[in-house]
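Structure file my_file23.cif with mmCIF, C-alpha atoms and all ligand atoms:
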data_run
#
loop_
_atom_site.group_PDB
_atom_site.id
_atom_site.type_symbol
_atom_site.label_atom_id
_atom_site.label_comp_id
_atom_site.auth_asym_id
_atom_site.auth_seq_id
_atom_site.Cartn_x
_atom_site.Cartn_y
_atom_site.Cartn_z
ATOM 1 C CA MET A 150 44.804 -39.870 47.938
ATOM 2 C CA ASP A 151 41.666 -41.152 46.328
ATOM 3 C CA ILE A 152 39.593 -38.102 45.402
ATOM 4 C CA THR A 153 36.352 -40.077 45.703
ATOM 5 C CA ASP A 154 36.843 -40.214 49.488
ATOM 6 C CA ARG A 155 34.999 -37.030 50.456
ATOM 7 C CA GLU A 156 36.047 -36.851 54.099
ATOM 8 C CA LYS A 157 39.687 -37.521 53.321
ATOM 9 C CA VAL A 158 39.780 -34.970 50.508
ATOM 10 C CA ILE A 159 38.235 -32.227 52.627
ATOM 11 C CA LYS A 160 40.447 -33.041 55.641
ATOM 12 C CA THR A 161 43.613 -33.190 53.520
ATOM 13 C CA VAL A 162 42.958 -29.802 51.950
ATOM 14 C CA ARG A 163 42.069 -28.365 55.363
ATOM 15 C CA ASP A 164 45.227 -29.764 57.017
ATOM 16 C CA PHE A 165 47.597 -28.894 54.200
ATOM 17 C CA LYS A 166 46.203 -25.363 53.741
ATOM 18 C CA PRO A 167 47.456 -24.799 50.185
ATOM 19 C CA ALA A 168 47.184 -21.377 48.591
ATOM 20 C CA ILE A 169 46.190 -23.051 45.328
ATOM 21 C CA VAL A 170 45.011 -26.515 44.356
ATOM 22 C CA ILE A 171 45.653 -27.568 40.760
ATOM 23 C CA HIS A 172 43.291 -30.459 40.145
ATOM 24 C CA CYS A 173 44.449 -32.702 37.277
ATOM 25 C CA ALA A 174 43.165 -36.100 38.429
ATOM 26 C CA ALA A 175 40.460 -37.723 36.321
ATOM 27 C CA PHE A 176 39.133 -40.976 34.932
ATOM 28 C CA THR A 177 40.386 -40.162 31.436
ATOM 29 C CA ASP A 178 39.622 -43.408 29.619
ATOM 30 C CA VAL A 179 36.928 -41.942 27.365
ATOM 31 C CA ASP A 180 35.603 -45.326 26.206
ATOM 32 C CA GLY A 181 36.000 -46.760 29.705
ATOM 33 C CA CYS A 182 33.705 -44.015 31.037
ATOM 34 C CA GLU A 183 30.881 -45.342 28.825
ATOM 35 C CA VAL A 184 31.335 -48.793 30.354
ATOM 36 C CA ASP A 185 31.741 -47.688 33.988
ATOM 37 C CA LYS A 186 29.518 -44.608 34.194
ATOM 38 C CA GLU A 187 29.333 -44.750 37.956
ATOM 39 C CA LYS A 188 33.108 -44.499 38.287
ATOM 40 C CA ALA A 189 33.145 -41.620 35.807
ATOM 41 C CA TYR A 190 30.631 -39.688 37.920
ATOM 42 C CA ARG A 191 32.396 -40.582 41.175
ATOM 43 C CA VAL A 192 35.866 -39.488 40.015
ATOM 44 C CA ASN A 193 35.279 -36.701 37.499
ATOM 45 C CA ALA A 194 32.175 -35.041 38.909
ATOM 46 C CA PHE A 195 31.958 -35.838 42.635
ATOM 47 C CA GLY A 196 35.739 -36.037 43.197
ATOM 48 C CA THR A 197 35.974 -32.537 41.752
ATOM 49 C CA GLN A 198 33.083 -31.406 43.956
ATOM 50 C CA TYR A 199 34.878 -32.671 47.097
ATOM 51 C CA ILE A 200 38.085 -30.823 46.210
ATOM 52 C CA ALA A 201 36.032 -27.665 45.628
ATOM 53 C CA GLU A 202 34.385 -28.126 49.029
ATOM 54 C CA GLY A 203 37.815 -28.457 50.655
ATOM 55 C CA CYS A 204 39.035 -25.322 48.859
ATOM 56 C CA SER A 205 35.907 -23.470 49.950
ATOM 57 C CA ASP A 206 36.550 -24.394 53.616
ATOM 58 C CA ILE A 207 39.975 -22.749 53.613
ATOM 59 C CA ASN A 208 39.182 -20.118 50.997
ATOM 60 C CA CYS A 209 41.899 -21.181 48.559
ATOM 61 C CA THR A 210 41.991 -20.940 44.772
ATOM 62 C CA MET A 211 41.183 -24.021 42.725
ATOM 63 C CA ILE A 212 42.438 -24.649 39.207
ATOM 64 C CA TYR A 213 40.638 -27.418 37.348
ATOM 65 C CA LEU A 214 41.711 -29.107 34.150
ATOM 66 C CA SER A 215 38.549 -29.542 32.112
ATOM 67 C CA THR A 216 38.449 -30.459 28.430
ATOM 68 C CA ASP A 217 37.592 -29.406 24.872
ATOM 69 C CA PHE A 218 35.275 -32.443 24.854
ATOM 70 C CA VAL A 219 32.589 -30.387 26.632
ATOM 71 C CA PHE A 220 31.720 -29.193 23.087
ATOM 72 C CA ASP A 221 29.915 -31.245 20.459
ATOM 73 C CA GLY A 222 32.237 -30.294 17.597
ATOM 74 C CA LYS A 223 29.469 -29.017 15.328
ATOM 75 C CA LYS A 224 30.876 -25.490 15.145
ATOM 76 C CA LYS A 225 33.020 -24.614 12.140
ATOM 77 C CA THR A 226 35.205 -22.028 13.875
ATOM 78 C CA PRO A 227 37.261 -22.228 17.095
ATOM 79 C CA TYR A 228 35.225 -22.544 20.294
ATOM 80 C CA LEU A 229 35.096 -19.594 22.654
ATOM 81 C CA GLU A 230 34.805 -19.930 26.439
ATOM 82 C CA THR A 231 31.284 -18.502 26.114
ATOM 83 C CA ASP A 232 30.052 -21.127 23.646
ATOM 84 C CA LEU A 233 27.433 -23.476 24.981
ATOM 85 C CA PRO A 234 28.802 -26.909 25.968
ATOM 86 C CA ASN A 235 27.005 -29.982 24.670
ATOM 87 C CA PRO A 236 28.899 -33.113 25.731
ATOM 88 C CA LEU A 237 28.695 -36.155 23.458
ATOM 89 C CA ASN A 238 29.904 -38.776 25.908
ATOM 90 C CA VAL A 239 29.958 -39.708 29.603
ATOM 91 C CA TYR A 240 33.562 -38.558 30.125
ATOM 92 C CA ALA A 241 32.684 -35.082 28.825
ATOM 93 C CA GLU A 242 29.385 -34.973 30.765
ATOM 94 C CA THR A 243 31.174 -35.739 34.022
ATOM 95 C CA LYS A 244 34.001 -33.272 33.363
ATOM 96 C CA LEU A 245 31.379 -30.597 32.646
ATOM 97 C CA LEU A 246 29.585 -31.443 35.891
ATOM 98 C CA GLY A 247 32.926 -30.882 37.617
ATOM 99 C CA GLU A 248 32.975 -27.388 36.080
ATOM 100 C CA TYR A 249 29.455 -26.700 37.358
ATOM 101 C CA TYR A 250 30.244 -27.846 40.896
ATOM 102 C CA ILE A 251 33.328 -25.655 41.053
ATOM 103 C CA SER A 252 31.538 -22.587 39.762
ATOM 104 C CA HIS A 253 28.680 -23.079 42.245
ATOM 105 C CA ILE A 254 30.881 -23.752 45.268
ATOM 106 C CA LEU A 255 33.774 -21.345 44.759
ATOM 107 C CA ARG A 256 34.333 -17.729 43.912
ATOM 108 C CA ARG A 257 38.052 -18.026 43.193
ATOM 109 C CA PHE A 258 38.544 -20.692 40.539
ATOM 110 C CA VAL A 259 40.096 -21.160 37.137
ATOM 111 C CA ILE A 260 38.554 -23.695 34.785
ATOM 112 C CA VAL A 261 41.140 -24.495 32.148
ATOM 113 C CA ARG A 262 40.070 -26.193 28.939
ATOM 114 C CA PRO A 263 43.010 -27.794 27.141
ATOM 115 C CA SER A 264 42.861 -30.275 24.258
ATOM 116 C CA ARG A 265 44.982 -33.273 23.217
ATOM 117 C CA ILE A 266 47.740 -32.858 25.789
ATOM 118 C CA PHE A 267 51.200 -34.201 24.925
ATOM 119 C CA GLY A 268 54.438 -34.263 26.836
ATOM 120 C CA ARG A 269 57.028 -36.192 28.823
ATOM 121 C CA GLY A 270 55.651 -39.133 30.753
ATOM 122 C CA GLY A 271 52.151 -38.749 29.319
ATOM 123 C CA ARG A 272 50.081 -41.932 29.072
ATOM 124 C CA ASN A 273 47.640 -40.701 26.455
ATOM 125 C CA PHE A 274 47.864 -41.469 22.734
ATOM 126 C CA ALA A 275 49.360 -38.098 21.710
ATOM 127 C CA SER A 276 52.232 -38.625 24.165
ATOM 128 C CA ARG A 277 52.777 -42.263 23.247
ATOM 129 C CA ILE A 278 52.862 -41.907 19.436
ATOM 130 C CA PRO A 279 56.628 -41.107 19.362
ATOM 131 C CA GLU A 280 57.408 -44.276 21.358
ATOM 132 C CA LEU A 281 55.091 -46.382 19.198
ATOM 133 C CA MET A 282 56.828 -45.074 16.072
ATOM 134 C CA LYS A 283 60.253 -46.033 17.290
ATOM 135 C CA HIS A 284 59.334 -49.741 17.181
ATOM 136 C CA LYS A 285 60.771 -51.235 14.012
ATOM 137 C CA GLY A 286 58.175 -51.563 11.250
ATOM 138 C CA SER A 287 55.420 -50.024 13.342
ATOM 139 C CA LYS A 288 51.989 -49.511 11.807
ATOM 140 C CA ILE A 289 49.737 -46.981 13.506
ATOM 141 C CA THR A 290 46.087 -46.612 12.610
ATOM 142 C CA ILE A 291 45.077 -43.011 13.190
ATOM 143 C CA THR A 292 42.028 -40.866 12.503
ATOM 144 C CA ARG A 293 42.009 -38.118 9.891
ATOM 145 C CA ASP A 294 38.593 -36.664 10.733
ATOM 146 C CA ILE A 295 39.061 -35.600 14.370
ATOM 147 C CA VAL A 296 40.555 -32.130 14.482
ATOM 148 C CA ASN A 297 41.670 -30.031 17.441
ATOM 149 C CA SER A 298 44.677 -28.132 18.769
ATOM 150 C CA PRO A 299 47.421 -30.100 20.485
ATOM 151 C CA THR A 300 48.564 -28.757 23.867
ATOM 152 C CA TYR A 301 52.151 -29.197 25.062
ATOM 153 C CA ALA A 302 52.008 -29.900 28.808
ATOM 154 C CA SER A 303 54.984 -27.642 29.466
ATOM 155 C CA ASP A 304 53.335 -24.673 27.662
ATOM 156 C CA LEU A 305 50.113 -25.419 29.539
ATOM 157 C CA ALA A 306 51.973 -25.231 32.845
ATOM 158 C CA ASP A 307 53.567 -21.902 31.821
ATOM 159 C CA ALA A 308 50.156 -20.480 30.895
ATOM 160 C CA ILE A 309 48.636 -21.616 34.197
ATOM 161 C CA ARG A 310 51.524 -20.026 36.114
ATOM 162 C CA PHE A 311 50.897 -16.802 34.165
ATOM 163 C CA LEU A 312 47.180 -16.817 35.010
ATOM 164 C CA VAL A 313 47.924 -17.344 38.700
ATOM 165 C CA GLN A 314 50.324 -14.396 38.702
ATOM 166 C CA LYS A 315 47.695 -12.317 36.889
ATOM 167 C CA ASP A 316 45.021 -13.204 39.469
ATOM 168 C CA PHE A 317 42.735 -14.378 36.668
ATOM 169 C CA TYR A 318 39.559 -16.235 37.637
ATOM 170 C CA GLY A 319 36.994 -17.863 35.337
ATOM 171 C CA ILE A 320 36.984 -20.196 32.344
ATOM 172 C CA VAL A 321 39.861 -20.126 29.885
ATOM 173 C CA ASN A 322 40.918 -22.168 26.859
ATOM 174 C CA ILE A 323 44.580 -23.144 26.786
ATOM 175 C CA CYS A 324 46.028 -24.960 23.774
ATOM 176 C CA ASN A 325 48.822 -24.395 21.294
ATOM 177 C CA ARG A 326 48.197 -22.242 18.245
ATOM 178 C CA GLY A 327 47.061 -23.953 15.059
ATOM 179 C CA GLU A 328 45.015 -27.083 14.525
ATOM 180 C CA CYS A 329 45.422 -30.528 13.002
ATOM 181 C CA SER A 330 43.869 -33.938 12.681
ATOM 182 C CA TRP A 331 45.416 -36.850 14.542
ATOM 183 C CA TYR A 332 46.847 -38.062 11.232
ATOM 184 C CA GLU A 333 48.528 -34.705 10.566
ATOM 185 C CA TYR A 334 49.890 -34.764 14.113
ATOM 186 C CA GLY A 335 51.295 -38.259 13.503
ATOM 187 C CA LEU A 336 52.921 -37.150 10.226
ATOM 188 C CA LYS A 337 54.704 -34.290 12.028
ATOM 189 C CA VAL A 338 55.932 -36.624 14.768
ATOM 190 C CA LYS A 339 57.280 -38.920 12.063
ATOM 191 C CA GLU A 340 58.966 -36.021 10.254
ATOM 192 C CA PHE A 341 60.551 -34.550 13.392
ATOM 193 C CA LEU A 342 61.745 -37.945 14.655
ATOM 194 C CA LYS A 343 63.076 -38.774 11.174
ATOM 195 C CA VAL A 344 61.748 -42.325 11.389
ATOM 196 C CA LYS A 345 61.548 -43.815 7.939
ATOM 197 C CA ASP A 346 59.850 -47.170 8.333
ATOM 198 C CA ALA A 347 56.874 -46.288 10.586
ATOM 199 C CA GLU A 348 53.598 -46.462 8.677
ATOM 200 C CA LEU A 349 50.628 -44.253 9.500
ATOM 201 C CA ILE A 350 47.304 -45.587 8.287
ATOM 202 C CA PRO A 351 44.688 -42.814 8.095
ATOM 203 C CA VAL A 352 41.114 -43.894 8.870
ATOM 204 C CA SER A 353 37.764 -42.315 9.709
ATOM 205 C CA PHE A 354 36.592 -42.328 13.306
ATOM 206 C CA SER A 355 33.605 -44.436 12.212
ATOM 207 C CA ASP A 356 36.050 -47.179 11.130
ATOM 208 C CA PHE A 357 36.809 -47.820 14.809
ATOM 209 C CA GLU A 358 33.806 -49.994 15.567
ATOM 210 C CA SER A 359 35.153 -50.881 19.003
ATOM 211 C CA ARG A 360 35.092 -47.230 20.105
ATOM 212 C CA LYS A 361 32.193 -46.821 22.514
ATOM 213 C CA ALA A 362 32.209 -43.075 23.022
ATOM 214 C CA GLU A 363 31.306 -40.498 20.396
ATOM 215 C CA ARG A 364 33.899 -37.712 20.041
ATOM 216 C CA PRO A 365 33.599 -34.138 18.776
ATOM 217 C CA HIS A 366 35.015 -34.026 15.250
ATOM 218 C CA TYR A 367 36.082 -30.401 15.506
ATOM 219 C CA SER A 368 37.008 -29.077 18.937
ATOM 220 C CA VAL A 369 39.568 -26.411 18.129
ATOM 221 C CA LEU A 370 39.653 -23.875 20.953
ATOM 222 C CA SER A 371 40.110 -20.147 20.510
ATOM 223 C CA THR A 372 42.888 -18.721 22.674
ATOM 224 C CA GLN A 373 41.772 -15.112 22.131
ATOM 225 C CA LEU A 374 40.995 -14.653 25.815
ATOM 226 C CA LEU A 375 44.384 -15.942 26.960
ATOM 227 C CA GLU A 376 46.091 -13.699 24.407
ATOM 228 C CA SER A 377 44.083 -10.664 25.502
ATOM 229 C CA LEU A 378 45.407 -11.278 29.012
ATOM 230 C CA GLY A 379 48.973 -11.135 27.646
ATOM 231 C CA PHE A 380 49.966 -14.774 27.077
ATOM 232 C CA THR A 381 50.497 -16.230 23.607
ATOM 233 C CA MET A 382 50.891 -19.983 23.243
ATOM 234 C CA PRO A 383 53.494 -21.206 20.715
ATOM 235 C CA ASP A 384 52.410 -22.954 17.530
ATOM 236 C CA TRP A 385 51.823 -26.679 18.138
ATOM 237 C CA GLN A 386 54.449 -27.720 15.595
ATOM 238 C CA ASP A 387 57.136 -25.632 17.324
ATOM 239 C CA SER A 388 56.221 -27.105 20.704
ATOM 240 C CA LEU A 389 56.094 -30.618 19.312
ATOM 241 C CA ARG A 390 59.592 -30.162 17.900
ATOM 242 C CA THR A 391 60.821 -28.698 21.200
ATOM 243 C CA TRP A 392 59.435 -31.692 23.079
ATOM 244 C CA LEU A 393 60.803 -34.307 20.683
ATOM 245 C CA GLU A 394 64.236 -32.689 20.705
ATOM 246 C CA SER A 395 64.374 -32.301 24.489
HETATM 247 N N1 LIG B 401 45.134 -35.919 27.813
HETATM 248 C C1 LIG B 401 44.392 -35.063 27.151
HETATM 249 O O1 LIG B 401 44.463 -34.990 25.934
HETATM 250 C C2 LIG B 401 43.462 -34.126 27.877
HETATM 251 C C3 LIG B 401 42.721 -33.200 27.133
HETATM 252 C C4 LIG B 401 41.880 -32.314 27.797
HETATM 253 C C5 LIG B 401 41.789 -32.367 29.166
HETATM 254 N N2 LIG B 401 42.490 -33.292 29.885
HETATM 255 C C6 LIG B 401 42.369 -33.300 31.338
HETATM 256 O O2 LIG B 401 43.660 -33.064 31.856
HETATM 257 C C7 LIG B 401 43.844 -33.803 33.053
HETATM 258 C C8 LIG B 401 45.085 -34.669 32.948
HETATM 259 O O3 LIG B 401 44.946 -35.540 31.844
HETATM 260 P P1 LIG B 401 46.017 -36.701 31.566
HETATM 261 O O4 LIG B 401 45.907 -37.065 30.146
HETATM 262 O O5 LIG B 401 47.330 -36.317 32.152
HETATM 263 O O6 LIG B 401 45.361 -37.884 32.417
HETATM 264 P P2 LIG B 401 45.995 -39.241 32.964
HETATM 265 O O7 LIG B 401 47.340 -39.500 32.393
HETATM 266 O O8 LIG B 401 44.938 -40.282 32.812
HETATM 267 O O9 LIG B 401 46.189 -38.925 34.504
HETATM 268 C C9 LIG B 401 45.080 -38.839 35.351
HETATM 269 C C10 LIG B 401 45.569 -38.973 36.776
HETATM 270 O O10 LIG B 401 44.403 -38.976 37.625
HETATM 271 C C11 LIG B 401 44.631 -39.939 38.622
HETATM 272 N N3 LIG B 401 43.364 -40.446 39.188
HETATM 273 C C12 LIG B 401 42.387 -41.137 38.571
HETATM 274 N N4 LIG B 401 41.414 -41.457 39.439
HETATM 275 C C13 LIG B 401 41.772 -40.930 40.645
HETATM 276 C C14 LIG B 401 41.194 -40.921 41.939
HETATM 277 N N5 LIG B 401 40.021 -41.513 42.186
HETATM 278 N N6 LIG B 401 41.855 -40.296 42.932
HETATM 279 C C15 LIG B 401 43.040 -39.719 42.711
HETATM 280 N N7 LIG B 401 43.665 -39.687 41.501
HETATM 281 C C16 LIG B 401 43.030 -40.297 40.488
HETATM 282 C C17 LIG B 401 45.404 -41.051 37.927
HETATM 283 O O11 LIG B 401 46.059 -41.799 38.895
HETATM 284 P P3 LIG B 401 46.573 -43.299 38.580
HETATM 285 O O12 LIG B 401 47.819 -43.128 37.828
HETATM 286 O O13 LIG B 401 46.770 -43.859 39.948
HETATM 287 O O14 LIG B 401 45.485 -43.948 37.804
HETATM 288 C C18 LIG B 401 46.368 -40.246 37.049
HETATM 289 O O15 LIG B 401 47.520 -39.902 37.753
HETATM 290 C C19 LIG B 401 42.563 -34.581 33.268
HETATM 291 O O16 LIG B 401 41.757 -33.867 34.174
HETATM 292 C C20 LIG B 401 41.918 -34.622 31.904
HETATM 293 O O17 LIG B 401 40.509 -34.719 31.999
HETATM 294 C C21 LIG B 401 43.329 -34.169 29.257
#
Show the structure stored in the file as structure tokens.
Amino acid sequence: MDITDREKVIKTVRDFKPAIVIHCAAFTDVDGCEVDKEKAYRVNAFGTQYIAEGCSDINCTMIYLSTDFVFDGKKKTPYLETDLPNPLNVYAETKLLGEYYISHILRRFVIVRPSRIFGRGGRNFASRIPELMKHKGSKITITRDIVNSPTYASDLADAIRFLVQKDFYGIVNICNRGECSWYEYGLKVKEFLKVKDAELIPVSFSDFESRKAERPHYSVLSTQLLESLGFTMPDWQDSLRTWLES
């Protein structure tokens, strides 16, 4: 269903009566959000509000996938859940609004903040790099000054399942251990895939003049909280290898 249709969303949740709603839908085109701000607010902020309203009606738990982009990237050490968000772009602003709506409407919610998700079937850049590299003589321009922690979708799902079983509620960072720039991520993909002729061209984010949205340059998330609850995420390189070999 279209999550911007308030009545339909609330009715669907009411009729279906789920124990838990895991809300992953979003307008994720970060540059596109700058161009179509209204859509970004309708999908990411208000769509999330409607799902929260539906969950509130039937008293079910809501799990929301937020983002590391809620931070401005000015910190020099990994972001904690308690650090103050300061979104740099419309996508992040609207995702953060989604967080606020949920926390005002519901008592039983989990706001998950992952970063740079990769995995099977993913449409985002991190998930598509392996395919792009397999094209003969491929040249991929990739930033070396945007650093965060990649998150393997399968590990993310395991961590969410763990939190549900633990009855955890609140805000939690979930990403793989370690950090890297996009360029370093690309180099590892190349190494693990053993592709010889793909060329990675490292650039600065400012070289992409067509990019409309500012991005945080350092949005590594601390997973201390998740670990204190008893769940340790694998290192990103191990998970990347697992995915590429699967
Ligand atoms: N990818 C990342 O690196 C990353 C990092 C941090 C957080 N996140 C968050 O994680 C979640 C999943 O990200 P992703 O990369 O898997 O995103 P994605 O591939 O763009 O998938 C988003 C999904 O939302 C659906 N959607 C968009 N507008 C909708 C609407 N009005 N009603 C119903 N469904 C709608 C899309 O449906 P269509 O296929 O029909 O368009 C698509 O299936 C998002 O909430 C995102 O903000 C992602």
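The interatomic distance for the pair atom CA of A:Asn193 and atom CA of A:Ser371 works out to 24.2 Å.
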Just the residues within 12 Å of A:Ala175, please, counting all atoms listed in the file, with nothing from its chain fewer than 3 positions along; format it as a PDB file with C-alpha atoms, in the frame of the given file.
ATOM      1  CA  ASP A 151      41.666 -41.152  46.328  1.00  0.00           C
ATOM      2  CA  ILE A 152      39.593 -38.102  45.402  1.00  0.00           C
ATOM      3  CA  THR A 153      36.352 -40.077  45.703  1.00  0.00           C
ATOM      4  CA  HIS A 172      43.291 -30.459  40.145  1.00  0.00           C
ATOM      5  CA  ASP A 178      39.622 -43.408  29.619  1.00  0.00           C
ATOM      6  CA  VAL A 179      36.928 -41.942  27.365  1.00  0.00           C
ATOM      7  CA  CYS A 182      33.705 -44.015  31.037  1.00  0.00           C
ATOM      8  CA  LYS A 188      33.108 -44.499  38.287  1.00  0.00           C
ATOM      9  CA  ALA A 189      33.145 -41.620  35.807  1.00  0.00           C
ATOM     10  CA  TYR A 190      30.631 -39.688  37.920  1.00  0.00           C
ATOM     11  CA  ARG A 191      32.396 -40.582  41.175  1.00  0.00           C
ATOM     12  CA  VAL A 192      35.866 -39.488  40.015  1.00  0.00           C
ATOM     13  CA  ASN A 193      35.279 -36.701  37.499  1.00  0.00           C
ATOM     14  CA  ALA A 194      32.175 -35.041  38.909  1.00  0.00           C
ATOM     15  CA  PHE A 195      31.958 -35.838  42.635  1.00  0.00           C
ATOM     16  CA  GLY A 196      35.739 -36.037  43.197  1.00  0.00           C
ATOM     17  CA  THR A 197      35.974 -32.537  41.752  1.00  0.00           C
ATOM     18  CA  TYR A 213      40.638 -27.418  37.348  1.00  0.00           C
ATOM     19  CA  LEU A 214      41.711 -29.107  34.150  1.00  0.00           C
ATOM     20  CA  SER A 215      38.549 -29.542  32.112  1.00  0.00           C
ATOM     21  CA  THR A 216      38.449 -30.459  28.430  1.00  0.00           C
ATOM     22  CA  TYR A 240      33.562 -38.558  30.125  1.00  0.00           C
ATOM     23  CA  ALA A 241      32.684 -35.082  28.825  1.00  0.00           C
ATOM     24  CA  THR A 243      31.174 -35.739  34.022  1.00  0.00           C
ATOM     25  CA  LYS A 244      34.001 -33.272  33.363  1.00  0.00           C
ATOM     26  CA  GLY A 247      32.926 -30.882  37.617  1.00  0.00           C
TER      27      GLY A 247
END
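Taking only C-alpha atoms into account, the polymer residues that have an atom no farther than 10 Å from (47.4, -26.0, 42.9) are Pro167, Ala168, Ile169, Val170, Ile171, His172, Cys173, Cys209, Thr210, Met211, Ile212, Tyr213, Ile309, Arg310 and Val313 of chain A.
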Quick one: everything within 9 Å of A:Asp346, counting all atoms listed in the file, minus sequence neighbours fewer than 2 positions away in the same chain. Send it as a PyMOL selection string.
-> chain A and resi 282+285-288+344+348
On this structure, which residues satisfy the PyMOL selection byres (((chain A and resi 319-327) around 10) and not hetatm), written as a PDB file with C-alpha atoms, keeping the file's coordinate frame?
ATOM      1  CA  ILE A 212      42.438 -24.649  39.207  1.00  0.00           C
ATOM      2  CA  TYR A 213      40.638 -27.418  37.348  1.00  0.00           C
ATOM      3  CA  LEU A 214      41.711 -29.107  34.150  1.00  0.00           C
ATOM      4  CA  SER A 215      38.549 -29.542  32.112  1.00  0.00           C
ATOM      5  CA  THR A 216      38.449 -30.459  28.430  1.00  0.00           C
ATOM      6  CA  ASP A 217      37.592 -29.406  24.872  1.00  0.00           C
ATOM      7  CA  TYR A 228      35.225 -22.544  20.294  1.00  0.00           C
ATOM      8  CA  LEU A 229      35.096 -19.594  22.654  1.00  0.00           C
ATOM      9  CA  GLU A 230      34.805 -19.930  26.439  1.00  0.00           C
ATOM     10  CA  THR A 231      31.284 -18.502  26.114  1.00  0.00           C
ATOM     11  CA  GLU A 248      32.975 -27.388  36.080  1.00  0.00           C
ATOM     12  CA  SER A 252      31.538 -22.587  39.762  1.00  0.00           C
ATOM     13  CA  ARG A 256      34.333 -17.729  43.912  1.00  0.00           C
ATOM     14  CA  ARG A 257      38.052 -18.026  43.193  1.00  0.00           C
ATOM     15  CA  PHE A 258      38.544 -20.692  40.539  1.00  0.00           C
ATOM     16  CA  VAL A 259      40.096 -21.160  37.137  1.00  0.00           C
ATOM     17  CA  ILE A 260      38.554 -23.695  34.785  1.00  0.00           C
ATOM     18  CA  VAL A 261      41.140 -24.495  32.148  1.00  0.00           C
ATOM     19  CA  ARG A 262      40.070 -26.193  28.939  1.00  0.00           C
ATOM     20  CA  PRO A 263      43.010 -27.794  27.141  1.00  0.00           C
ATOM     21  CA  SER A 264      42.861 -30.275  24.258  1.00  0.00           C
ATOM     22  CA  ARG A 265      44.982 -33.273  23.217  1.00  0.00           C
ATOM     23  CA  ILE A 266      47.740 -32.858  25.789  1.00  0.00           C
ATOM     24  CA  ASN A 297      41.670 -30.031  17.441  1.00  0.00           C
ATOM     25  CA  SER A 298      44.677 -28.132  18.769  1.00  0.00           C
ATOM     26  CA  PRO A 299      47.421 -30.100  20.485  1.00  0.00           C
ATOM     27  CA  THR A 300      48.564 -28.757  23.867  1.00  0.00           C
ATOM     28  CA  TYR A 301      52.151 -29.197  25.062  1.00  0.00           C
ATOM     29  CA  ALA A 302      52.008 -29.900  28.808  1.00  0.00           C
ATOM     30  CA  ASP A 304      53.335 -24.673  27.662  1.00  0.00           C
ATOM     31  CA  LEU A 305      50.113 -25.419  29.539  1.00  0.00           C
ATOM     32  CA  ALA A 306      51.973 -25.231  32.845  1.00  0.00           C
ATOM     33  CA  ALA A 308      50.156 -20.480  30.895  1.00  0.00           C
ATOM     34  CA  ILE A 309      48.636 -21.616  34.197  1.00  0.00           C
ATOM     35  CA  LEU A 312      47.180 -16.817  35.010  1.00  0.00           C
ATOM     36  CA  PHE A 317      42.735 -14.378  36.668  1.00  0.00           C
ATOM     37  CA  TYR A 318      39.559 -16.235  37.637  1.00  0.00           C
ATOM     38  CA  GLU A 328      45.015 -27.083  14.525  1.00  0.00           C
ATOM     39  CA  CYS A 329      45.422 -30.528  13.002  1.00  0.00           C
ATOM     40  CA  VAL A 369      39.568 -26.411  18.129  1.00  0.00           C
ATOM     41  CA  LEU A 370      39.653 -23.875  20.953  1.00  0.00           C
ATOM     42  CA  SER A 371      40.110 -20.147  20.510  1.00  0.00           C
ATOM     43  CA  THR A 372      42.888 -18.721  22.674  1.00  0.00           C
ATOM     44  CA  GLN A 373      41.772 -15.112  22.131  1.00  0.00           C
ATOM     45  CA  LEU A 374      40.995 -14.653  25.815  1.00  0.00           C
ATOM     46  CA  LEU A 375      44.384 -15.942  26.960  1.00  0.00           C
ATOM     47  CA  GLU A 376      46.091 -13.699  24.407  1.00  0.00           C
ATOM     48  CA  PHE A 380      49.966 -14.774  27.077  1.00  0.00           C
ATOM     49  CA  THR A 381      50.497 -16.230  23.607  1.00  0.00           C
ATOM     50  CA  MET A 382      50.891 -19.983  23.243  1.00  0.00           C
ATOM     51  CA  PRO A 383      53.494 -21.206  20.715  1.00  0.00           C
ATOM     52  CA  ASP A 384      52.410 -22.954  17.530  1.00  0.00           C
ATOM     53  CA  TRP A 385      51.823 -26.679  18.138  1.00  0.00           C
ATOM     54  CA  GLN A 386      54.449 -27.720  15.595  1.00  0.00           C
ATOM     55  CA  ASP A 387      57.136 -25.632  17.324  1.00  0.00           C
ATOM     56  CA  SER A 388      56.221 -27.105  20.704  1.00  0.00           C
ATOM     57  CA  LEU A 389      56.094 -30.618  19.312  1.00  0.00           C
TER      58      LEU A 389
END
Box for stretch 188-201 of chain A - axis-aligned, 8 Å on each of the six sides, all listed atoms - centre and size in Å to one decimal, as lines of an AutoDock Vina configuration file.
center_x = 34.4
center_y = -36.1
center_z = 41.5
size_x = 23.5
size_y = 32.8
size_z = 27.3
Please indicate the distance in Å from atom C13 of ligand LIG 401 (chain B) to atom CA of A:Phe274, rounded to one decimal place.
-> 18.9 Å
Surrounding residues of A:Asp206 excluding itself and chain neighbours under 5 positions, 9 Å, only C-alpha atoms, as JSON, numbers by chain | {"A": [159, 162, 163, 201]}
Please produce a file of those selected residues containing C-alpha atoms, as a short mmCIF file (atom, residue, chain, number, x, y, z; two decimals), in the frame of the given file.
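Once everything was written out, this is result.cif:
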data_model
loop_
_atom_site.label_atom_id
_atom_site.label_comp_id
_atom_site.auth_asym_id
_atom_site.auth_seq_id
_atom_site.Cartn_x
_atom_site.Cartn_y
_atom_site.Cartn_z
CA ILE A 159 38.24 -32.23 52.63
CA VAL A 162 42.96 -29.80 51.95
CA ARG A 163 42.07 -28.36 55.36
CA ALA A 201 36.03 -27.66 45.63
#
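Between ligand LIG 401 (chain B) and the candidates A:Ser353, A:Asn273, A:Ser368, A:Ser395, the tightest atom-to-atom separation, counting only C-alpha atoms and all ligand atoms, involves A:Asn273.
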Nearest to ligand LIG 401 (chain B), restricted to all atoms listed in the file and choosing among A:Leu233, A:Ile254, A:Cys204, A:Val239, comes out as A:Val239
